[in-house]
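Student: Coordinates in target_13.cif, mmCIF, C-alpha atoms, are listed below.
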data_target
loop_
_atom_site.group_PDB
_atom_site.id
_atom_site.type_symbol
_atom_site.label_atom_id
_atom_site.label_comp_id
_atom_site.auth_asym_id
_atom_site.auth_seq_id
_atom_site.Cartn_x
_atom_site.Cartn_y
_atom_site.Cartn_z
ATOM 1 C CA MET H 1 0.000 0.000 0.000
ATOM 2 C CA LYS H 2 1.397 3.356 -0.998
ATOM 3 C CA PHE H 3 1.956 6.073 1.561
ATOM 4 C CA ILE H 4 -0.679 8.306 -0.005
ATOM 5 C CA THR H 5 -3.250 5.630 0.805
ATOM 6 C CA LEU H 6 -2.129 5.604 4.425
ATOM 7 C CA VAL H 7 -2.653 9.337 4.512
ATOM 8 C CA ALA H 8 -6.149 8.866 3.199
ATOM 9 C CA ILE H 9 -6.879 6.406 5.987
ATOM 10 C CA PHE H 10 -5.427 8.408 8.844
ATOM 11 C CA GLY H 11 -5.877 11.959 7.586
ATOM 12 C CA THR H 12 -2.466 13.226 8.702
ATOM 13 C CA THR H 13 1.219 12.443 8.448
ATOM 14 C CA GLY H 14 2.369 14.178 11.597
ATOM 15 C CA PHE H 15 2.205 11.269 14.035
ATOM 16 C CA CYS H 16 4.811 8.947 12.529
ATOM 17 C CA PHE H 17 8.479 8.806 13.383
ATOM 18 C CA SER H 18 8.932 7.769 9.730
ATOM 19 C CA ASP H 19 6.417 7.656 6.872
ATOM 20 C CA CYS H 20 4.477 4.686 8.302
ATOM 21 C CA LYS H 21 5.902 2.278 5.735
ATOM 22 C CA TRP H 22 6.933 -1.076 7.150
ATOM 23 C CA ILE H 23 10.699 -1.420 7.568
ATOM 24 C CA ALA H 24 12.217 -4.564 9.023
ATOM 25 C CA PRO H 25 14.224 -4.051 12.211
ATOM 26 C CA SER H 26 18.005 -4.080 11.966
ATOM 27 C CA SER H 27 20.231 -6.134 14.244
ATOM 28 C CA THR H 28 20.633 -3.122 16.536
ATOM 29 C CA ASP H 29 16.961 -2.144 16.764
ATOM 30 C CA ARG H 30 15.314 -3.196 20.012
ATOM 31 C CA ARG H 31 12.190 -5.345 19.914
ATOM 32 C CA SER H 32 9.906 -6.959 22.479
ATOM 33 C CA PRO H 33 7.992 -10.234 22.893
ATOM 34 C CA CYS H 34 4.825 -8.376 21.796
ATOM 35 C CA PRO H 35 4.048 -8.542 18.057
ATOM 36 C CA MET H 36 1.704 -5.551 18.210
ATOM 37 C CA VAL H 37 4.239 -3.199 19.785
ATOM 38 C CA ASN H 38 6.930 -4.499 17.441
ATOM 39 C CA SER H 39 4.665 -3.834 14.466
ATOM 40 C CA LEU H 40 4.143 -0.239 15.552
ATOM 41 C CA ALA H 41 7.905 0.250 15.697
ATOM 42 C CA ASN H 42 8.369 -1.429 12.329
ATOM 43 C CA HIS H 43 5.853 0.999 10.821
ATOM 44 C CA GLY H 44 7.354 4.019 12.561
ATOM 45 C CA PHE H 45 4.464 4.795 14.885
ATOM 46 C CA LEU H 46 7.024 4.201 17.625
ATOM 47 C CA PRO H 47 10.745 4.965 17.238
ATOM 48 C CA HIS H 48 12.102 2.368 14.837
ATOM 49 C CA ASN H 49 15.136 1.781 17.031
ATOM 50 C CA GLY H 50 12.833 0.844 19.930
ATOM 51 C CA LEU H 51 14.568 3.180 22.363
ATOM 52 C CA ASN H 52 13.384 5.669 25.001
ATOM 53 C CA ILE H 53 9.645 5.313 24.559
ATOM 54 C CA SER H 54 7.456 7.443 26.809
ATOM 55 C CA MET H 55 3.848 6.901 27.810
ATOM 56 C CA ALA H 56 2.924 9.796 25.537
ATOM 57 C CA ASP H 57 4.712 8.087 22.632
ATOM 58 C CA LEU H 58 2.855 4.862 23.335
ATOM 59 C CA ILE H 59 -0.558 6.527 23.634
ATOM 60 C CA THR H 60 -0.086 8.441 20.385
ATOM 61 C CA ALA H 61 1.200 5.378 18.542
ATOM 62 C CA PHE H 62 -1.684 3.130 19.578
ATOM 63 C CA ASN H 63 -4.249 5.819 18.935
ATOM 64 C CA GLU H 64 -3.000 6.723 15.479
ATOM 65 C CA SER H 65 -2.316 3.157 14.353
ATOM 66 C CA ILE H 66 -5.264 1.150 15.683
ATOM 67 C CA ASN H 67 -7.451 3.786 17.386
ATOM 68 C CA LEU H 68 -6.896 2.395 20.873
ATOM 69 C CA ALA H 69 -8.089 4.664 23.677
ATOM 70 C CA PRO H 70 -5.433 6.124 26.011
ATOM 71 C CA ALA H 71 -6.835 4.285 29.051
ATOM 72 C CA ALA H 72 -6.380 0.959 27.260
ATOM 73 C CA THR H 73 -2.820 1.796 26.256
ATOM 74 C CA GLN H 74 -1.977 2.764 29.821
ATOM 75 C CA LEU H 75 -2.832 -0.768 30.979
ATOM 76 C CA VAL H 76 0.288 -1.940 29.160
ATOM 77 C CA GLY H 77 2.351 1.229 29.334
ATOM 78 C CA GLN H 78 2.345 1.454 33.118
ATOM 79 C CA LYS H 79 3.659 -2.102 33.312
ATOM 80 C CA ALA H 80 6.297 -1.503 30.656
ATOM 81 C CA LEU H 81 7.714 1.448 32.583
ATOM 82 C CA LEU H 82 8.268 -0.823 35.591
ATOM 83 C CA ALA H 83 10.815 -2.763 33.530
ATOM 84 C CA SER H 84 12.678 0.324 32.301
ATOM 85 C CA THR H 85 16.455 0.213 31.947
ATOM 86 C CA THR H 86 16.758 3.665 30.354
ATOM 87 C CA GLY H 87 17.699 5.418 33.586
ATOM 88 C CA SER H 88 14.383 7.252 33.575
ATOM 89 C CA SER H 89 11.132 5.965 35.063
ATOM 90 C CA ALA H 90 9.310 7.887 32.319
ATOM 91 C CA THR H 91 10.699 5.896 29.376
ATOM 92 C CA PHE H 92 11.483 2.325 28.412
ATOM 93 C CA ASN H 93 13.157 0.405 25.601
ATOM 94 C CA LEU H 94 11.185 -2.237 23.765
ATOM 95 C CA ASP H 95 13.467 -5.047 24.879
ATOM 96 C CA ASP H 96 12.899 -4.051 28.514
ATOM 97 C CA ILE H 97 9.569 -5.853 28.121
ATOM 98 C CA ASN H 98 11.534 -9.107 27.857
ATOM 99 C CA THR H 99 11.688 -9.039 31.661
ATOM 100 C CA HIS H 100 9.742 -12.067 32.812
ATOM 101 C CA GLY H 101 6.637 -11.652 34.925
ATOM 102 C CA ILE H 102 5.846 -7.994 34.245
ATOM 103 C CA ILE H 103 4.170 -8.198 30.836
ATOM 104 C CA GLU H 104 5.987 -11.183 29.321
ATOM 105 C CA HIS H 105 4.639 -14.492 30.602
ATOM 106 C CA ASP H 106 4.737 -18.236 30.057
ATOM 107 C CA GLY H 107 2.425 -19.684 27.432
ATOM 108 C CA SER H 108 2.824 -16.955 24.822
ATOM 109 C CA LEU H 109 0.996 -17.547 21.553
ATOM 110 C CA SER H 110 4.135 -16.895 19.525
ATOM 111 C CA ARG H 111 7.159 -17.055 21.849
ATOM 112 C CA ASN H 112 8.837 -19.733 23.923
ATOM 113 C CA ASP H 113 8.912 -19.622 27.713
ATOM 114 C CA ILE H 114 11.851 -18.029 29.493
ATOM 115 C CA TYR H 115 12.741 -21.454 30.921
ATOM 116 C CA PHE H 116 14.064 -22.353 27.468
ATOM 117 C CA GLY H 117 16.190 -19.204 27.181
ATOM 118 C CA ASP H 118 14.724 -17.060 24.402
ATOM 119 C CA ASN H 119 11.401 -15.591 25.482
ATOM 120 C CA HIS H 120 11.279 -12.754 22.970
ATOM 121 C CA SER H 121 11.969 -14.006 19.426
ATOM 122 C CA PHE H 122 9.126 -15.133 17.186
ATOM 123 C CA ASN H 123 8.841 -18.932 17.262
ATOM 124 C CA SER H 124 7.185 -20.243 14.109
ATOM 125 C CA THR H 125 6.632 -23.719 15.562
ATOM 126 C CA ILE H 126 4.674 -22.325 18.483
ATOM 127 C CA TRP H 127 2.713 -19.884 16.366
ATOM 128 C CA ASN H 128 1.884 -22.583 13.807
ATOM 129 C CA SER H 129 0.505 -24.767 16.604
ATOM 130 C CA VAL H 130 -1.832 -21.917 17.536
ATOM 131 C CA ALA H 131 -2.691 -20.943 13.950
ATOM 132 C CA ALA H 132 -3.610 -24.572 13.230
ATOM 133 C CA PHE H 133 -6.887 -23.827 15.023
ATOM 134 C CA PHE H 134 -7.671 -21.028 12.579
ATOM 135 C CA THR H 135 -9.005 -23.098 9.703
ATOM 136 C CA ASN H 136 -11.659 -20.674 8.493
ATOM 137 C CA LYS H 137 -11.493 -17.216 6.946
ATOM 138 C CA THR H 138 -12.474 -15.750 10.309
ATOM 139 C CA ILE H 139 -11.736 -16.615 13.937
ATOM 140 C CA SER H 140 -14.604 -16.947 16.388
ATOM 141 C CA LEU H 141 -14.176 -16.235 20.085
ATOM 142 C CA ALA H 142 -14.681 -19.941 20.799
ATOM 143 C CA THR H 143 -11.860 -20.810 18.395
ATOM 144 C CA ALA H 144 -9.564 -18.145 19.854
ATOM 145 C CA LYS H 145 -10.231 -19.504 23.337
ATOM 146 C CA SER H 146 -9.476 -23.059 22.235
ATOM 147 C CA ALA H 147 -6.230 -22.004 20.573
ATOM 148 C CA ARG H 148 -5.105 -20.139 23.677
ATOM 149 C CA SER H 149 -6.081 -22.979 26.029
ATOM 150 C CA SER H 150 -4.231 -25.522 23.910
ATOM 151 C CA ARG H 151 -1.110 -23.373 23.841
ATOM 152 C CA LEU H 152 -1.146 -22.937 27.628
ATOM 153 C CA ALA H 153 -1.578 -26.675 28.126
ATOM 154 C CA ALA H 154 1.263 -27.448 25.711
ATOM 155 C CA ALA H 155 3.577 -24.977 27.441
ATOM 156 C CA ALA H 156 2.750 -26.359 30.877
ATOM 157 C CA ALA H 157 3.414 -29.908 29.664
ATOM 158 C CA VAL H 158 7.017 -29.222 28.620
ATOM 159 C CA ASN H 159 8.090 -26.462 31.020
ATOM 160 C CA PRO H 160 8.728 -27.757 34.564
ATOM 161 C CA ALA H 161 8.869 -24.138 35.803
ATOM 162 C CA PHE H 162 5.630 -23.097 34.081
ATOM 163 C CA ASN H 163 3.754 -20.489 36.079
ATOM 164 C CA MET H 164 0.916 -18.091 35.421
ATOM 165 C CA SER H 165 0.228 -15.437 38.051
ATOM 166 C CA ALA H 166 -3.110 -13.628 38.136
ATOM 167 C CA SER H 167 -1.449 -10.755 36.288
ATOM 168 C CA ASP H 168 -0.049 -13.158 33.668
ATOM 169 C CA VAL H 169 -3.503 -14.642 33.099
ATOM 170 C CA GLN H 170 -4.948 -11.161 32.636
ATOM 171 C CA PHE H 171 -2.312 -10.119 30.106
ATOM 172 C CA SER H 172 -2.644 -13.408 28.257
ATOM 173 C CA SER H 173 -6.389 -12.913 27.941
ATOM 174 C CA ILE H 174 -5.944 -9.267 26.910
ATOM 175 C CA GLU H 175 -3.614 -10.355 24.090
ATOM 176 C CA THR H 176 -6.316 -12.576 22.623
ATOM 177 C CA ALA H 177 -8.986 -9.927 23.174
ATOM 178 C CA LEU H 178 -6.819 -7.319 21.474
ATOM 179 C CA TYR H 179 -6.256 -9.247 18.251
ATOM 180 C CA MET H 180 -9.922 -10.230 18.158
ATOM 181 C CA THR H 181 -10.900 -6.566 18.483
ATOM 182 C CA VAL H 182 -8.286 -4.845 16.317
ATOM 183 C CA PHE H 183 -8.673 -7.275 13.438
ATOM 184 C CA ALA H 184 -12.430 -7.739 13.662
ATOM 185 C CA ASP H 185 -13.879 -8.733 10.314
ATOM 186 C CA PRO H 186 -16.229 -5.986 9.084
ATOM 187 C CA ASP H 187 -18.486 -8.584 7.467
ATOM 188 C CA VAL H 188 -18.669 -11.172 10.260
ATOM 189 C CA THR H 189 -19.873 -10.006 13.662
ATOM 190 C CA SER H 190 -17.567 -10.740 16.622
ATOM 191 C CA GLU H 191 -14.991 -12.617 14.560
ATOM 192 C CA ALA H 192 -11.448 -11.668 13.526
ATOM 193 C CA ARG H 193 -10.043 -11.994 10.012
ATOM 194 C CA THR H 194 -7.616 -14.936 10.071
ATOM 195 C CA GLU H 195 -5.238 -13.521 7.476
ATOM 196 C CA TRP H 196 -4.914 -10.202 9.308
ATOM 197 C CA VAL H 197 -4.109 -11.908 12.610
ATOM 198 C CA ASP H 198 -1.492 -14.114 10.959
ATOM 199 C CA VAL H 199 0.224 -11.109 9.356
ATOM 200 C CA LEU H 200 0.551 -9.429 12.747
ATOM 201 C CA PHE H 201 2.049 -12.437 14.498
ATOM 202 C CA ALA H 202 4.138 -13.968 11.714
ATOM 203 C CA LYS H 203 5.356 -10.796 9.994
ATOM 204 C CA GLU H 204 4.981 -8.149 12.703
ATOM 205 C CA ARG H 205 3.298 -5.621 10.478
ATOM 206 C CA LEU H 206 -0.173 -4.163 10.212
ATOM 207 C CA PRO H 207 -2.087 -5.859 7.375
ATOM 208 C CA TYR H 208 -2.794 -2.822 5.211
ATOM 209 C CA GLU H 209 -1.842 -4.770 2.096
ATOM 210 C CA GLU H 210 -4.447 -7.415 2.959
ATOM 211 C CA GLY H 211 -7.248 -4.857 3.236
ATOM 212 C CA TRP H 212 -7.264 -4.036 6.941
ATOM 213 C CA LYS H 213 -8.132 -0.486 7.988
ATOM 214 C CA ARG H 214 -7.898 1.311 11.303
ATOM 215 C CA SER H 215 -11.202 1.182 13.160
ATOM 216 C CA GLU H 216 -13.256 4.347 12.874
ATOM 217 C CA VAL H 217 -14.663 3.569 16.326
ATOM 218 C CA GLN H 218 -12.251 4.008 19.212
ATOM 219 C CA LEU H 219 -11.316 0.760 20.934
ATOM 220 C CA THR H 220 -11.818 1.197 24.669
ATOM 221 C CA ALA H 221 -10.327 -0.345 27.774
ATOM 222 C CA ALA H 222 -13.797 -1.435 28.864
ATOM 223 C CA GLY H 223 -14.366 -3.231 25.585
ATOM 224 C CA ILE H 224 -10.971 -4.969 25.631
ATOM 225 C CA LEU H 225 -11.267 -6.008 29.274
ATOM 226 C CA GLY H 226 -14.841 -7.193 28.771
ATOM 227 C CA LEU H 227 -13.764 -9.462 25.935
ATOM 228 C CA ALA H 228 -10.705 -10.585 27.908
ATOM 229 C CA ALA H 229 -13.025 -11.724 30.689
ATOM 230 C CA GLN H 230 -14.900 -13.855 28.158
ATOM 231 C CA VAL H 231 -11.623 -15.373 26.956
ATOM 232 C CA VAL H 232 -10.944 -16.899 30.384
ATOM 233 C CA THR H 233 -14.531 -17.968 30.988
ATOM 234 C CA ALA H 234 -14.941 -21.723 30.659
#
Now that the file is in, can you turn its structure into structure tokens?

Tutor:
Amino acid sequence: MKFITLVAIFGTTGFCFSDCKWIAPSSTDRRSPCPMVNSLANHGFLPHNGLNISMADLITAFNESINLAPAATQLVGQKALLASTTGSSATFNLDDINTHGIIEHDGSLSRNDIYFGDNHSFNSTIWNSVAAFFTNKTISLATAKSARSSRLAAAAAVNPAFNMSASDVQFSSIETALYMTVFADPDVTSEARTEWVDVLFAKERLPYEEGWKRSEVQLTAAGILGLAAQVVTA
């Protein structure tokens, strides 16, 4: 998708650190275990180098990229700042989020557990085991729940140190709720477009090329948390 089309979608060019085109990270760019945050850096909504990100940066990036309300962004941002290694409690680097037990947790949909060493790099084997549940054009909440539950069970079966605190469970459920909300199919109520979700996780970019557009309706904390509660409901 050409940049002029992005301008048409968002209405301004002033919010990007670059021109919003996707650029793969270099070996020196910092990245996190979170595909959404990584995607925003890859597109330039956040600094491409992944360094010294403030809450204001995060709020603007999420708002301009996916129309996420500030209160929803703060749920993650406040946690991220707790892991900061920048020397300032007001900023963090993307790889600070690698710290286990703050945002990063066991049973990730696309990363291995910290017990095995690398808890931040995309793991295609793990993601493919999750994506195997997504056999239709769209993903229902029931399917998303089954995929998440299967991944957690698989992680627990091979990791003798597997642990999920109450906070970990909440963030895990929010991750599923977020992709279900951000990539909601406009033609199928309450279901996410499979292709769009796969692009985010496997390629760490926003699926503009596949037809996705930023929601015209702001995505709220209440909506995300409400859906997250359904994710963990048996």

Student: Starting from the shown file, work through the PyMOL selection byres ((chain H and resi 233) around 12) and note down what comes out as a PyMOL selection string.

Tutor: chain H and resi 141-142+145-146+149+169-170+173+226-232+234

Student: Pull out every residue that the PyMOL selection byres ((chain H and resi 193-198) around 12) matches in the shown coordinates and put them as an MDAnalysis selection string.

Tutor: chainID H and resid 35:36 109:110 124 127:128 130:141 143:144 175:192 199:213

Student: Would you please work out which residue, of H:Ile114, H:Glu216, H:Ala221, H:His105, is nearest to Ala166 in chain H when using all atoms listed in the file?

Tutor: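 Ranking H:Ile114, H:Glu216, H:Ala221, H:His105 by distance to Ala166 in chain H, first place goes to H:His105.
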
Student: Just give me the gap between CA of Glu64 in chain H and CA of Gly50 in chain H in Å, one decimal is fine.

Tutor: 17.5 Å

Student: Applying the PyMOL selection byres ((chain H and resi 24) around 12) to the file I just gave you, which residues come out? Please list them as a ChimeraX atom specification.

Tutor: /H:21-23,25-31,38-44,48-49,203-205

Student: So the first atom is CA of Phe122 in chain H and the second is CA of Ser32 in chain H; what is the distance between them in Å, to one decimal place?

Tutor: 9.8 Å

Student: Quick one: of H:Cys34, H:Ala157, H:Leu219, H:Met164, who's nearest to Gly101 in chain H, counting only C-alpha atoms?

Tutor: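 Of H:Cys34, H:Ala157, H:Leu219, H:Met164, the one nearest Gly101 in chain H is H:Met164, counting only C-alpha atoms.
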
Student: Quick one: pull the distance between CA of Asp106 in chain H and CA of Ala61 in chain H, Å, one decimal.

Tutor: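 These atoms are spaced 26.5 Å apart.
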
Student: What's around Leu51 in chain H at 7 Å? Count only C-alpha atoms, leave out sequence neighbours fewer than 3 positions away in its own chain, and write the answer as a list in words.

Tutor: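 What passes the distance filter is Arg30, Pro47, Phe92, Asn93 and Leu94 of chain H.
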
Student: Would you pick out the contacts of Ala156 in chain H at 9 Å or less, using all atoms listed in the file, so that residues sharing its chain but fewer than 5 positions from it are not included, and give the list as a count of residues only?

Tutor: 6

Student: Given the choices H:Ile66, H:Thr125, H:Asn119, H:Ser54, which gets closest to Ala90 in chain H if the distance is worked out from all atoms listed in the file?

Tutor: H:Ser54
